[in-house]
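What follows is the content of start_24.txt, which has compact mmCIF, C-alpha atoms:
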```txt
# COMPACT_ATOMS: atom_id res chain seq x y z
CA MET A 16 0.00 0.00 0.00
CA THR A 17 1.38 3.39 -0.90
CA PHE A 18 0.74 6.53 1.09
CA ALA A 19 2.68 8.99 -1.07
CA ILE A 20 0.55 11.64 -2.76
CA SER A 21 1.02 12.26 -6.45
CA GLY A 22 -0.70 15.28 -7.93
CA ASP A 23 -3.75 16.98 -6.49
CA LEU A 24 -5.16 15.71 -3.20
CA GLN A 25 -8.64 14.37 -3.93
CA TRP A 26 -11.16 15.48 -1.32
CA PHE A 27 -14.73 14.66 -2.37
CA SER A 28 -14.75 17.70 -4.64
CA ARG A 29 -15.70 15.68 -7.69
CA SER A 30 -19.10 14.45 -6.52
CA LYS A 31 -21.75 14.88 -9.22
CA TYR A 32 -24.72 15.77 -7.06
CA ASP A 33 -23.79 17.91 -4.09
CA GLY A 34 -20.11 18.70 -4.56
CA GLY A 35 -19.07 16.19 -1.91
CA LYS A 36 -20.98 17.76 0.99
CA THR A 37 -22.60 14.47 1.98
CA GLU A 38 -19.28 12.61 1.92
CA ARG A 39 -17.62 15.31 4.01
CA LYS A 40 -20.47 15.10 6.54
CA ILE A 41 -20.12 11.31 6.79
CA PHE A 42 -16.36 11.72 7.10
CA ASP A 43 -16.69 14.29 9.90
CA GLN A 44 -19.18 12.10 11.78
CA ASN A 45 -16.74 9.18 11.82
CA GLY A 46 -13.80 11.15 13.26
CA HIS A 47 -11.03 9.77 11.05
CA CYS A 48 -7.62 11.44 11.33
CA ALA A 49 -4.85 11.88 8.81
CA ILE A 50 -1.20 11.33 9.65
CA TYR A 51 0.88 13.31 7.21
CA PHE A 52 4.26 14.54 6.11
CA ALA A 53 4.12 17.88 4.34
CA GLY A 54 6.67 20.19 2.79
CA LYS A 55 9.59 19.73 0.47
CA ASP A 56 11.57 16.53 0.10
CA ARG A 57 14.16 16.21 2.88
CA ALA A 58 12.46 19.02 4.82
CA LEU A 59 9.25 17.31 5.89
CA ARG A 60 6.93 18.32 8.70
CA LEU A 61 5.10 15.53 10.54
CA GLY A 62 1.61 16.00 11.92
CA TRP A 63 -1.96 14.79 12.13
CA THR A 64 -5.35 16.33 11.49
CA GLY A 65 -9.00 15.36 11.52
CA ARG A 66 -9.92 18.04 9.01
CA ASP A 67 -9.49 18.49 5.31
CA PRO A 68 -5.77 17.74 4.80
CA ARG A 69 -5.58 20.26 1.96
CA LYS A 70 -5.66 22.95 4.66
CA ILE A 71 -2.49 21.99 6.55
CA GLY A 72 -0.55 24.91 5.11
CA GLU A 73 1.89 23.03 2.88
CA PRO A 74 1.42 20.45 0.17
CA ALA A 75 0.96 17.00 1.66
CA ARG A 76 3.52 14.48 0.49
CA ILE A 77 2.27 11.47 2.45
CA ILE A 78 -1.11 10.81 4.03
CA ALA A 79 -2.24 7.78 5.99
CA TRP A 80 -5.63 7.62 7.69
CA CYS A 81 -6.55 6.01 10.99
CA ALA A 82 -9.73 5.68 13.05
CA ASN A 83 -9.40 8.60 15.50
CA ASP A 84 -7.12 11.25 17.00
CA GLN A 85 -5.81 9.00 19.80
CA PHE A 86 -4.51 6.50 17.27
CA ALA A 87 -3.06 9.31 15.15
CA LYS A 88 -1.19 10.73 18.16
CA ARG A 89 0.26 7.30 18.97
CA VAL A 90 1.52 6.83 15.41
CA VAL A 91 2.94 10.37 15.20
CA ASN A 92 4.78 9.90 18.51
CA GLU A 93 6.23 6.60 17.30
CA VAL A 94 7.32 8.13 13.97
CA SER A 95 8.99 10.96 15.90
CA GLN A 96 10.95 8.43 17.92
CA LEU A 97 11.92 6.43 14.84
CA LEU A 98 13.15 9.49 12.95
CA SER A 99 14.47 11.52 15.91
CA SER A 100 18.04 11.41 14.60
CA HIS A 101 16.88 13.01 11.34
CA SER A 102 15.04 15.92 12.95
CA VAL A 103 16.33 19.42 12.25
CA SER A 104 14.32 22.30 13.79
CA GLY A 105 10.98 20.51 13.68
CA ARG A 106 11.49 19.10 10.17
CA TYR A 107 12.71 15.70 9.11
CA ASP A 108 15.65 15.48 6.74
CA VAL A 109 14.54 12.26 5.06
CA PRO A 110 13.38 11.31 1.58
CA VAL A 111 9.65 10.77 1.05
CA ASN A 112 9.98 6.99 0.70
CA LEU A 113 11.73 6.73 4.09
CA ALA A 114 9.06 8.91 5.70
CA GLU A 115 6.37 6.68 4.20
CA GLN A 116 8.09 3.57 5.55
CA ALA A 117 8.42 5.21 8.97
CA ILE A 118 4.63 5.71 9.15
CA CYS A 119 4.03 2.06 8.18
CA VAL A 120 6.53 0.76 10.73
CA ALA A 121 5.24 3.07 13.46
CA ALA A 122 1.62 2.04 12.85
CA LYS A 123 2.60 -1.62 13.04
CA ASN A 124 4.65 -1.03 16.22
CA VAL A 125 1.76 0.62 18.06
CA GLY A 126 -0.89 -1.68 16.60
CA VAL A 127 -2.86 0.92 14.65
CA GLN A 128 -4.49 0.07 11.35
CA ILE A 129 -3.91 2.71 8.68
CA ALA A 130 -5.31 3.24 5.19
CA SER A 131 -4.19 5.22 2.17
CA HIS A 132 -5.96 8.43 1.19
CA GLU A 133 -7.54 6.80 -1.85
CA ALA A 134 -8.76 3.86 0.23
CA MET A 135 -10.30 6.25 2.79
CA MET A 136 -12.11 8.25 0.11
CA GLN A 137 -13.50 5.01 -1.37
CA HIS A 138 -14.54 3.81 2.10
CA VAL A 139 -16.51 7.00 2.78
CA LYS A 140 -18.13 6.90 -0.66
CA ALA A 141 -19.14 3.29 -0.03
CA MET A 142 -20.66 4.33 3.32
CA ARG A 143 -22.71 6.99 1.51
CA HIS A 144 -23.87 4.44 -1.06
CA ARG A 145 -24.83 2.00 1.72
CA ARG A 146 -26.81 4.72 3.52
CA LEU A 147 -28.64 5.59 0.30
CA GLU A 148 -29.52 1.93 -0.26
CA GLU A 149 -30.79 1.61 3.32
CA GLU A 150 -32.94 4.72 2.89
CA LEU A 151 -34.33 3.41 -0.39
CA SER A 152 -35.10 0.01 1.18
CA ARG A 153 -36.87 1.70 4.09
CA ALA A 154 -38.96 3.84 1.71
CA GLU A 155 -39.88 0.79 -0.39
CA ALA A 156 -40.92 -1.12 2.76
CA GLU A 157 -43.10 1.79 3.89
CA LEU A 158 -44.81 1.87 0.49
CA ARG A 159 -45.44 -1.90 0.57
CA ASN A 160 -46.85 -1.67 4.09
CA ALA A 161 -49.09 1.23 3.11
CA GLU A 162 -50.46 -0.78 0.17
CA LEU A 163 -51.10 -3.80 2.39
CA GLU A 164 -52.95 -1.72 4.96
CA ARG A 165 -55.41 -0.40 2.38
CA GLU A 166 -58.81 -2.05 2.50
CA PRO A 167 -59.08 -4.77 -0.09
CA GLN A 168 -61.29 -3.89 -3.06
CA PRO A 169 -64.20 -6.28 -3.53
CA ALA A 170 -63.60 -8.57 -6.45
CA SER A 171 -66.04 -8.14 -9.33
CA PRO A 172 -67.84 -11.32 -10.39
CA ALA A 173 -66.74 -12.76 -13.68
CA SER A 174 -69.08 -12.20 -16.58
CA SER A 175 -70.54 -15.14 -18.44
CA GLN A 176 -68.65 -14.11 -21.59
CA ASP A 177 -65.33 -14.42 -19.80
CA GLU A 178 -64.01 -17.67 -21.23
CA TYR A 179 -61.43 -18.05 -18.47
CA ALA A 180 -64.09 -17.84 -15.77
CA ASN A 181 -65.92 -20.90 -17.13
CA PHE A 182 -63.33 -23.56 -17.06
```
Could you take the file, read its structure, and then write that structure out as structure tokens?
Amino acid sequence: MTFAISGDLQWFSRSKYDGGKTERKIFDQNGHCAIYFAGKDRALRLGWTGRDPRKIGEPARIIAWCANDQFAKRVVNEVSQLLSSHSVSGRYDVPVNLAEQAICVAAKNVGVQIASHEAMMQHVKAMRHRRLEEELSRAEAELRNAELEREPQPASPASSQDEYANF
């Protein structure tokens, strides 16, 4: 699994119907947090955020998602310890691939499951799709129940000319 970001950071902005507002709401309700390295290669700043990672102030180079802020803090602390010898005034003098590996190793060391940015965006979109299907199923069930509760219409007697009635 790769956590390095190439190009623009996708953030639900390409949704056809509401511009991604529903996905962002689902995302905010779940409390996921991003662990990131931002900045220029060999001058990377480590951090975590539960908000839109495009707003961290610098271009994100690596993003890994975890379930909540407590897990994110544990991973960030472990990464800091792993890369402490490479820290220069709050930045890490490491290439992007080493920073990415440090996040993976740190997450494994502290027992936190992480996901790539693309995987997280797909997960949230799938949650939205599942909620829409549940809502549709509930509406269909309500319509069926409403039809069943209607009084049955009396059946009209078959006419003598109806060939199927005289079998």
| message | Quick check, in Å to one decimal: how far apart do atom CA of A:Ile71 and atom CA of A:Gly54 lie? | response |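 Separation of atom CA of A:Ile71 and atom CA of A:Gly54: 10.1 Å.
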| query | Which distance in Å separates atom CA of A:Tyr107 and atom CA of A:Lys55, to one decimal? | reply |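 Those two atoms sit 10.0 Å apart.
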| query | What's the 7 Å shell around stretch 65-69 of chain A, counting only C-alpha atoms, without same-chain residues fewer than 4 positions away, as an MDAnalysis selection string? | reply | chainID A and resid 24 46:49
Taking 3 positions as the minimum chain separation for residues in the same chain, which residues sit within 10 Å of A:Arg57 when counting all atoms listed in the file? Answer as a short mmCIF file (atom, residue, chain, number, x, y, z; two decimals) with C-alpha atoms, keeping the file's coordinate frame.
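After the write, out.cif holds the following:
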```cif
data_model
loop_
_atom_site.label_atom_id
_atom_site.label_comp_id
_atom_site.auth_asym_id
_atom_site.auth_seq_id
_atom_site.Cartn_x
_atom_site.Cartn_y
_atom_site.Cartn_z
CA GLY A 54 6.67 20.19 2.79
CA ARG A 60 6.93 18.32 8.70
CA HIS A 101 16.88 13.01 11.34
CA ARG A 106 11.49 19.10 10.17
CA TYR A 107 12.71 15.70 9.11
CA ASP A 108 15.65 15.48 6.74
CA VAL A 109 14.54 12.26 5.06
CA PRO A 110 13.38 11.31 1.58
CA VAL A 111 9.65 10.77 1.05
CA LEU A 113 11.73 6.73 4.09
CA ALA A 114 9.06 8.91 5.70
#
```
| From the set A:Ala134, A:Leu151, A:Met142, A:Ala82, which residue has the shortest atom-to-atom contact distance to A:Gln25, counting only C-alpha atoms? |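 Residue with the minimum atom-to-atom distance to A:Gln25: A:Ala134.
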| request: Rounded to one decimal place, report the atom CA of A:Ile78-atom CA of A:Phe18 distance in Å. | output: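 Atom CA of A:Ile78 sits 5.5 Å away from atom CA of A:Phe18.
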| message | Give me, as a PyMOL selection string, all polymer residues having an atom no more than 12 Å from A:Asn83, counting all atoms listed in the file and skipping those fewer than 3 positions away in the same chain. | response | chain A and resi 42-50+63-66+79-80+86-90+127-129
| Residues at most 10 Å from A:Val91, counting all atoms listed in the file, excluding those fewer than 4 positions away in the same chain, as a PyMOL selection string? | chain A and resi 50-51+61-63+85-87+95-97+117-118+121-122
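For the choices A:Val94, A:Leu147, A:Val120, A:Ala19, the atom-to-atom distance to A:Ala75 is smallest for A:Ala19 when using all atoms listed in the file.
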| A:Ile77, A:Val103, A:Met136, A:Ala130: which is nearest A:Gln116, counting only C-alpha atoms? | A:Ile77
